[in-house]
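One file, coords13.cif, is given below (mmCIF, C-alpha atoms).
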```cif
data_work
loop_
_atom_site.group_PDB
_atom_site.id
_atom_site.type_symbol
_atom_site.label_atom_id
_atom_site.label_comp_id
_atom_site.auth_asym_id
_atom_site.auth_seq_id
_atom_site.Cartn_x
_atom_site.Cartn_y
_atom_site.Cartn_z
ATOM 1 C CA MET G 290 190.917 73.977 -2.071
ATOM 2 C CA LYS G 291 187.787 72.071 -3.093
ATOM 3 C CA ASN G 292 189.928 69.228 -4.442
ATOM 4 C CA ASN G 293 191.900 69.076 -1.188
ATOM 5 C CA LEU G 294 188.654 68.845 0.765
ATOM 6 C CA LYS G 295 187.464 66.085 -1.558
ATOM 7 C CA ASN G 296 190.705 64.118 -1.134
ATOM 8 C CA LEU G 297 190.648 64.597 2.647
ATOM 9 C CA GLY G 298 187.043 63.405 2.800
ATOM 10 C CA LEU G 299 187.831 60.377 0.649
ATOM 11 C CA THR G 300 190.957 59.441 2.668
ATOM 12 C CA LEU G 301 189.173 59.750 6.018
ATOM 13 C CA LYS G 302 186.219 57.756 4.683
ATOM 14 C CA ILE G 303 188.487 54.898 3.539
ATOM 15 C CA ILE G 304 190.377 54.876 6.877
ATOM 16 C CA LEU G 305 187.104 54.739 8.816
ATOM 17 C CA GLN G 306 185.728 51.990 6.566
ATOM 18 C CA ILE G 307 188.852 49.885 7.270
ATOM 19 C CA PHE G 308 188.437 50.574 11.003
ATOM 20 C CA SER G 309 184.762 49.613 10.925
ATOM 21 C CA VAL G 310 185.542 46.300 9.159
ATOM 22 C CA ILE G 311 188.259 45.536 11.767
ATOM 23 C CA GLY G 312 185.763 46.487 14.497
ATOM 24 C CA ILE G 313 183.083 44.152 13.126
ATOM 25 C CA ILE G 314 185.609 41.266 12.884
ATOM 26 C CA ILE G 315 186.801 41.854 16.468
ATOM 27 C CA LEU G 316 183.215 42.091 17.744
ATOM 28 C CA LEU G 317 182.181 38.876 15.992
ATOM 29 C CA GLY G 318 185.249 36.991 17.147
ATOM 30 C CA LEU G 319 185.323 38.391 20.670
ATOM 31 C CA TYR G 320 184.400 35.091 22.326
ATOM 32 C CA SER G 321 187.145 33.237 20.438
ATOM 33 C CA ILE G 322 189.678 35.986 21.192
ATOM 34 C CA THR G 323 188.979 35.777 24.941
ATOM 35 C CA LYS G 324 189.374 31.977 24.781
ATOM 36 C CA LEU G 325 192.586 32.345 22.788
ATOM 37 C CA LEU G 326 194.076 34.795 25.290
ATOM 38 C CA ASN G 327 192.921 32.689 28.266
ATOM 39 C CA LEU G 328 190.735 35.521 29.581
ATOM 40 C CA HIS G 329 187.483 35.139 31.526
ATOM 41 C CA PHE G 330 184.382 35.884 29.484
ATOM 42 C CA ASP G 331 183.166 38.210 32.243
ATOM 43 C CA LEU G 332 181.316 41.505 32.768
ATOM 44 C CA PHE G 333 183.898 43.701 31.027
ATOM 45 C CA VAL G 334 184.024 41.467 27.953
ATOM 46 C CA ILE G 335 180.218 41.293 27.756
ATOM 47 C CA MET G 336 180.095 45.112 28.084
ATOM 48 C CA ILE G 337 182.235 45.381 24.933
ATOM 49 C CA TYR G 338 179.285 44.148 22.791
ATOM 50 C CA PRO G 339 176.830 47.050 23.332
ATOM 51 C CA CYS G 340 179.711 49.540 23.477
ATOM 52 C CA GLY G 341 181.126 48.097 20.270
ATOM 53 C CA ILE G 342 177.797 48.294 18.465
ATOM 54 C CA CYS G 343 177.372 51.925 19.580
ATOM 55 C CA PHE G 344 180.932 52.689 18.516
ATOM 56 C CA LEU G 345 180.397 51.088 15.101
ATOM 57 C CA TYR G 346 177.246 53.172 14.629
ATOM 58 C CA LEU G 347 179.277 56.269 15.596
ATOM 59 C CA VAL G 348 181.928 55.338 13.004
ATOM 60 C CA TYR G 349 179.169 54.765 10.409
ATOM 61 C CA GLN G 350 177.837 58.273 11.091
ATOM 62 C CA PHE G 351 181.332 59.688 10.599
ATOM 63 C CA ILE G 352 181.753 57.731 7.339
ATOM 64 C CA ASN G 353 178.587 59.427 6.033
ATOM 65 C CA LEU G 354 179.847 62.773 7.330
ATOM 66 C CA PHE G 355 183.135 62.412 5.461
ATOM 67 C CA ASP G 356 181.169 61.279 2.420
ATOM 68 C CA SER G 357 179.372 64.624 2.430
ATOM 69 C CA LEU G 358 182.790 66.304 2.786
ATOM 70 C CA LYS G 359 183.875 64.383 -0.308
ATOM 71 C CA ASN G 360 180.785 65.644 -2.152
ATOM 72 C CA ASN G 361 181.703 69.245 -1.199
ATOM 73 C CA ASN G 362 178.527 69.715 0.812
ATOM 74 C CA PRO G 363 179.482 69.448 4.502
ATOM 75 C CA PHE G 364 177.026 72.024 5.833
ATOM 76 C CA CYS G 365 173.656 70.319 5.509
ATOM 77 C CA HIS G 366 170.901 69.343 7.946
ATOM 78 C CA GLU G 367 171.779 65.630 7.590
ATOM 79 C CA ASN G 368 175.226 66.252 9.049
ATOM 80 C CA VAL G 369 173.702 68.022 12.055
ATOM 81 C CA LYS G 370 171.543 64.932 12.640
ATOM 82 C CA ARG G 371 174.577 62.663 12.201
ATOM 83 C CA LEU G 372 176.530 64.622 14.802
ATOM 84 C CA ILE G 373 173.610 64.482 17.248
ATOM 85 C CA ASN G 374 173.343 60.691 16.664
ATOM 86 C CA SER G 375 177.086 60.374 17.300
ATOM 87 C CA MET G 376 176.704 62.415 20.477
ATOM 88 C CA VAL G 377 173.924 60.093 21.719
ATOM 89 C CA CYS G 378 176.057 57.005 20.911
ATOM 90 C CA SER G 379 179.034 58.467 22.751
ATOM 91 C CA LEU G 380 176.829 59.242 25.758
ATOM 92 C CA ILE G 381 175.439 55.670 25.756
ATOM 93 C CA ILE G 382 179.004 54.273 25.712
ATOM 94 C CA CYS G 383 179.914 56.604 28.598
ATOM 95 C CA ILE G 384 176.908 55.405 30.646
ATOM 96 C CA LEU G 385 177.573 51.697 29.868
ATOM 97 C CA VAL G 386 181.218 52.001 30.877
ATOM 98 C CA LEU G 387 180.169 53.853 34.019
ATOM 99 C CA ILE G 388 177.734 51.043 34.885
ATOM 100 C CA ALA G 389 180.538 48.483 34.372
ATOM 101 C CA LEU G 390 182.771 50.563 36.640
ATOM 102 C CA ILE G 391 180.138 50.780 39.379
ATOM 103 C CA ILE G 392 179.516 47.007 39.237
ATOM 104 C CA SER G 393 183.267 46.315 39.306
ATOM 105 C CA MET G 394 183.544 48.356 42.526
ATOM 106 C CA PHE G 395 181.822 45.484 44.388
ATOM 107 C CA TYR G 396 184.401 42.914 43.266
ATOM 108 C CA GLU G 397 187.897 42.666 44.665
ATOM 109 C CA TYR G 398 188.842 40.571 41.643
ATOM 110 C CA TYR G 399 189.436 43.636 39.444
ATOM 111 C CA SER G 400 192.601 45.665 40.055
ATOM 112 C CA LEU G 401 192.535 49.359 40.939
ATOM 113 C CA GLN G 402 194.495 50.227 37.798
ATOM 114 C CA LEU G 403 191.790 48.626 35.640
ATOM 115 C CA LYS G 404 189.070 50.541 37.488
ATOM 116 C CA VAL G 405 190.962 53.836 37.012
ATOM 117 C CA ALA G 406 191.414 53.058 33.308
ATOM 118 C CA ILE G 407 187.706 52.263 32.913
ATOM 119 C CA GLY G 408 186.831 55.498 34.725
ATOM 120 C CA PHE G 409 189.126 57.408 32.386
ATOM 121 C CA ILE G 410 187.456 55.846 29.312
ATOM 122 C CA SER G 411 184.038 56.830 30.680
ATOM 123 C CA ALA G 412 185.201 60.433 31.254
ATOM 124 C CA LEU G 413 186.751 60.483 27.784
ATOM 125 C CA PHE G 414 183.501 59.461 26.091
ATOM 126 C CA PHE G 415 181.602 62.042 28.153
ATOM 127 C CA ALA G 416 184.022 64.708 26.906
ATOM 128 C CA ILE G 417 183.619 63.430 23.328
ATOM 129 C CA SER G 418 179.810 63.639 23.596
ATOM 130 C CA ILE G 419 180.044 67.251 24.836
ATOM 131 C CA ALA G 420 182.449 68.099 22.002
ATOM 132 C CA LEU G 421 180.065 66.497 19.483
ATOM 133 C CA LEU G 422 177.129 68.449 20.910
ATOM 134 C CA ILE G 423 179.051 71.716 20.509
ATOM 135 C CA LEU G 424 180.104 70.679 16.998
ATOM 136 C CA SER G 425 176.512 69.851 16.043
ATOM 137 C CA GLU G 426 175.384 73.294 17.234
ATOM 138 C CA LEU G 427 178.186 74.893 15.208
ATOM 139 C CA PHE G 428 177.149 72.888 12.129
ATOM 140 C CA LYS G 429 173.526 73.917 12.720
ATOM 141 C CA GLN G 430 174.471 77.612 12.760
ATOM 142 C CA ALA G 431 176.770 77.196 9.743
ATOM 143 C CA THR G 432 174.000 75.420 7.819
ATOM 144 C CA ILE G 433 171.581 78.266 8.576
ATOM 145 C CA TYR G 434 174.144 80.872 7.431
ATOM 146 C CA LYS G 435 174.958 78.883 4.293
ATOM 147 C CA GLU G 436 171.286 78.443 3.438
ATOM 148 C CA GLU G 437 170.700 82.167 3.917
ATOM 149 C CA ASN G 438 173.690 82.979 1.744
ATOM 150 C CA ASP G 439 172.598 80.528 -0.959
ATOM 151 C CA LEU G 440 169.086 81.940 -0.952
ATOM 152 C CA THR G 441 170.194 85.562 -1.182
ATOM 153 C CA ILE G 442 169.731 86.677 -4.747
ATOM 154 C CA MET W 79 157.111 84.227 4.502
ATOM 155 C CA ALA W 80 155.192 87.464 4.812
ATOM 156 C CA ILE W 81 157.025 89.140 1.938
ATOM 157 C CA ILE W 82 155.669 88.068 -1.441
ATOM 158 C CA VAL W 83 157.575 88.473 -4.694
ATOM 159 C CA ASN W 84 155.225 89.356 -7.531
ATOM 160 C CA LEU W 85 157.807 88.922 -10.231
ATOM 161 C CA ASP W 86 155.575 86.696 -12.354
ATOM 162 C CA VAL W 87 152.904 89.399 -12.605
ATOM 163 C CA MET W 88 155.412 92.080 -13.551
ATOM 164 C CA MET W 89 157.075 89.820 -16.112
ATOM 165 C CA ALA W 90 153.711 89.071 -17.695
ATOM 166 C CA LYS W 91 152.866 92.790 -17.764
ATOM 167 C CA LYS W 92 156.156 93.665 -19.433
ATOM 168 C CA LYS W 93 156.007 90.551 -21.648
ATOM 169 C CA ILE W 94 159.508 89.433 -20.829
ATOM 170 C CA SER W 95 160.689 85.836 -20.606
ATOM 171 C CA SER W 96 162.623 84.322 -17.694
ATOM 172 C CA ASN W 97 165.616 83.721 -19.927
ATOM 173 C CA GLU W 98 165.744 87.283 -21.110
ATOM 174 C CA LEU W 99 165.246 88.743 -17.625
ATOM 175 C CA ALA W 100 167.956 86.546 -16.090
ATOM 176 C CA GLU W 101 170.361 87.549 -18.827
ATOM 177 C CA LYS W 102 169.570 91.261 -18.479
ATOM 178 C CA ILE W 103 169.975 91.411 -14.702
ATOM 179 C CA GLY W 104 172.966 89.066 -14.674
ATOM 180 C CA ILE W 105 171.701 86.222 -12.495
ATOM 181 C CA THR W 106 171.315 82.552 -13.267
ATOM 182 C CA GLN W 107 168.040 80.924 -14.293
ATOM 183 C CA ALA W 108 168.134 78.888 -11.078
ATOM 184 C CA ASN W 109 168.383 82.018 -8.942
ATOM 185 C CA LEU W 110 165.572 83.698 -10.853
ATOM 186 C CA SER W 111 163.449 80.610 -10.291
ATOM 187 C CA ILE W 112 164.175 80.778 -6.519
ATOM 188 C CA LEU W 113 163.105 84.438 -6.598
ATOM 189 C CA LYS W 114 159.921 83.698 -8.562
ATOM 190 C CA THR W 115 158.858 80.797 -6.362
ATOM 191 C CA ASN W 116 159.251 82.867 -3.184
ATOM 192 C CA LYS W 117 161.952 80.562 -1.802
ATOM 193 C CA CYS W 118 164.583 83.267 -1.403
ATOM 194 C CA LYS W 119 165.506 84.536 2.065
ATOM 195 C CA ALA W 120 166.920 87.903 1.002
ATOM 196 C CA ILE W 121 167.387 90.075 -2.038
ATOM 197 C CA ARG W 122 170.374 92.351 -2.653
ATOM 198 C CA PHE W 123 169.669 96.024 -3.333
ATOM 199 C CA SER W 124 171.803 95.721 -6.476
ATOM 200 C CA THR W 125 169.580 92.889 -7.796
ATOM 201 C CA LEU W 126 166.426 94.815 -6.898
ATOM 202 C CA GLU W 127 167.813 97.902 -8.621
ATOM 203 C CA LYS W 128 168.515 95.931 -11.809
ATOM 204 C CA LEU W 129 165.075 94.311 -11.664
ATOM 205 C CA CYS W 130 163.413 97.729 -11.367
ATOM 206 C CA GLU W 131 165.578 99.055 -14.177
ATOM 207 C CA VAL W 132 164.816 96.206 -16.568
ATOM 208 C CA LEU W 133 161.110 95.924 -15.705
ATOM 209 C CA ASP W 134 160.757 99.725 -15.474
ATOM 210 C CA CYS W 135 158.913 99.629 -12.172
ATOM 211 C CA LYS W 136 159.312 100.398 -8.449
ATOM 212 C CA PRO W 137 160.302 97.950 -5.679
ATOM 213 C CA GLY W 138 156.716 98.109 -4.401
ATOM 214 C CA ASP W 139 155.475 96.670 -7.681
ATOM 215 C CA ILE W 140 157.663 93.595 -7.252
ATOM 216 C CA LEU W 141 157.491 93.104 -3.491
ATOM 217 C CA ASP W 142 154.360 92.874 -1.395
ATOM 218 C CA TYR W 143 153.647 92.344 2.290
ATOM 219 C CA GLU W 144 150.937 90.041 3.580
ATOM 220 C CA LYS W 145 150.362 89.425 7.273
ATOM 221 C CA GLU W 146 150.954 85.793 8.206
ATOM 222 C CA SER W 147 148.078 84.095 9.998
ATOM 223 C CA LYS W 148 149.100 82.538 13.327
ATOM 224 C CA LYS W 149 148.845 78.741 13.376
#
```

So, in terms of structure tokens, how does the structure I just supplied come out?
Amino acid sequence: MKNNLKNLGLTLKIILQIFSVIGIIILLGLYSITKLLNLHFDLFVIMIYPCGICFLYLVYQFINLFDSLKNNNPFCHENVKRLINSMVCSLIICILVLIALIISMFYEYYSLQLKVAIGFISALFFAISIALLILSELFKQATIYKEENDLTI
Amino acid sequence: MAIIVNLDVMMAKKKISSNELAEKIGITQANLSILKTNKCKAIRFSTLEKLCEVLDCKPGDILDYEKESKK
């Protein structure tokens, strides 16, 4: 069971590390990509930068979280902090996307489908932040129980 | 914590080493150290019973209560 947990933690960590490297490359080459695809370097593209940085930080937090899973110590105070940090990042992304959506409302240039999609992404990140908040509370309780159990002689 | 474990005093009185005590009551050295340094959150009745048996004393000799001053 412990070995399975270790392997799962290691696999998820490697997958997330690959994703974060791809994310960094995309973020750095965003201007070139928009030029290559003949897209306007407009509000939505600029909004990707802060959202991308927040998302990368969120992924980094999860890499550390899976690292603790690999080390067979998932219920610790650091993981609670990591989940709260992830929740804040997710909430920032939600707010940034919402701002982009509100600004796009004043322009006829953007299609309704795009606005609906952006609204859906914003709602999705809001749901993720709530889920992360609940998860952090669960981890907090589990850490307290584990600590109590460990310190019962 | 308001509960104080006076294990050190009792061990000195009975002239028993940590190693010996841990072996006799069947807990690890690390756990005995947690108990001695007052870091433990709870103590099982079975552990307390063994401690009393080995040290030939009563729970009151090992545990003490001191009112915590409000900060």

Please produce, as a tab-separated table, a per-residue contact table for chain G versus chain W (criterion: any atom at most 12 Å away, only C-alpha atoms considered), showing the nearest atom pair and its distance in Å to one decimal, sorted by chain then residue number.
```
residue	atom	partner	partner_atom	distance
G:Ile433	CA	W:Lys119	CA	10.9
G:Tyr434	CA	W:Lys119	CA	10.8
G:Lys435	CA	W:Lys119	CA	11.2
G:Glu436	CA	W:Lys119	CA	8.5
G:Glu437	CA	W:Lys119	CA	6.0
G:Asn438	CA	W:Lys119	CA	8.3
G:Asp439	CA	W:Cys118	CA	8.5
G:Leu440	CA	W:Cys118	CA	4.7
G:Thr441	CA	W:Ala120	CA	4.6
G:Ile442	CA	W:Ile121	CA	4.9
```

Lys93 in chain W environment, 10 Å, all atoms listed in the file, sequence neighbours closer than 5 positions dropped, as an NGL selection string: :W and (87-88 or 133)

Hits from the PyMOL selection byres ((chain W and resi 84) around 12), listed as a tab-separated table (two decimals) with C-alpha atoms, keeping the file's coordinate frame:
```tsv
chain	number	residue	atom	x	y	z
W	81	ILE	CA	157.02	89.14	1.94
W	82	ILE	CA	155.67	88.07	-1.44
W	83	VAL	CA	157.57	88.47	-4.69
W	85	LEU	CA	157.81	88.92	-10.23
W	86	ASP	CA	155.57	86.70	-12.35
W	87	VAL	CA	152.90	89.40	-12.60
W	88	MET	CA	155.41	92.08	-13.55
W	89	MET	CA	157.07	89.82	-16.11
W	90	ALA	CA	153.71	89.07	-17.70
W	91	LYS	CA	152.87	92.79	-17.76
W	113	LEU	CA	163.10	84.44	-6.60
W	114	LYS	CA	159.92	83.70	-8.56
W	115	THR	CA	158.86	80.80	-6.36
W	116	ASN	CA	159.25	82.87	-3.18
W	129	LEU	CA	165.08	94.31	-11.66
W	135	CYS	CA	158.91	99.63	-12.17
W	136	LYS	CA	159.31	100.40	-8.45
W	137	PRO	CA	160.30	97.95	-5.68
W	138	GLY	CA	156.72	98.11	-4.40
W	139	ASP	CA	155.48	96.67	-7.68
W	140	ILE	CA	157.66	93.60	-7.25
W	141	LEU	CA	157.49	93.10	-3.49
W	142	ASP	CA	154.36	92.87	-1.40
W	143	TYR	CA	153.65	92.34	2.29
W	144	GLU	CA	150.94	90.04	3.58
```

Return as lines of an AutoDock Vina configuration file the centre and edge lengths, in Å with one decimal, of the box along x, y and z that encloses every atom of range 308-313 of chain G in the file, padded by 6 Å per side.
```
center_x = 185.8
center_y = 47.4
center_z = 11.8
size_x = 17.4
size_y = 18.4
size_z = 17.3
```

Test item: the PyMOL selection byres ((chain G and resi 337-339) around 12) resolved as an MDAnalysis selection string: chainID G and resid 312:313 315:320 323 330:336 340:346 378:379 381:386 389 407

I need the chosen residues saved as a CSV table (one decimal), keeping the file's coordinate frame, with C-alpha atoms.
```csv
chain,number,residue,atom,x,y,z
G,312,GLY,CA,185.8,46.5,14.5
G,313,ILE,CA,183.1,44.2,13.1
G,315,ILE,CA,186.8,41.9,16.5
G,316,LEU,CA,183.2,42.1,17.7
G,317,LEU,CA,182.2,38.9,16.0
G,318,GLY,CA,185.2,37.0,17.1
G,319,LEU,CA,185.3,38.4,20.7
G,320,TYR,CA,184.4,35.1,22.3
G,323,THR,CA,189.0,35.8,24.9
G,330,PHE,CA,184.4,35.9,29.5
G,331,ASP,CA,183.2,38.2,32.2
G,332,LEU,CA,181.3,41.5,32.8
G,333,PHE,CA,183.9,43.7,31.0
G,334,VAL,CA,184.0,41.5,28.0
G,335,ILE,CA,180.2,41.3,27.8
G,336,MET,CA,180.1,45.1,28.1
G,340,CYS,CA,179.7,49.5,23.5
G,341,GLY,CA,181.1,48.1,20.3
G,342,ILE,CA,177.8,48.3,18.5
G,343,CYS,CA,177.4,51.9,19.6
G,344,PHE,CA,180.9,52.7,18.5
G,345,LEU,CA,180.4,51.1,15.1
G,346,TYR,CA,177.2,53.2,14.6
G,378,CYS,CA,176.1,57.0,20.9
G,379,SER,CA,179.0,58.5,22.8
G,381,ILE,CA,175.4,55.7,25.8
G,382,ILE,CA,179.0,54.3,25.7
G,383,CYS,CA,179.9,56.6,28.6
G,384,ILE,CA,176.9,55.4,30.6
G,385,LEU,CA,177.6,51.7,29.9
G,386,VAL,CA,181.2,52.0,30.9
G,389,ALA,CA,180.5,48.5,34.4
G,407,ILE,CA,187.7,52.3,32.9
```

Residues returned when the PyMOL selection byres ((chain G and resi 349) around 10) runs on this file, as number ranges by chain: G: 302, 305-306, 309, 343-348, 350-355, 371, 375

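Near Ser425 in chain G, within 7 Å and counting only C-alpha atoms, sit Val369, Leu372 and Ile373 of chain G; same-chain residues fewer than 5 positions away were not included.
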
Any idea what the distance is between CA of Ala412 in chain G and CA of Ser393 in chain G? 16.4 Å
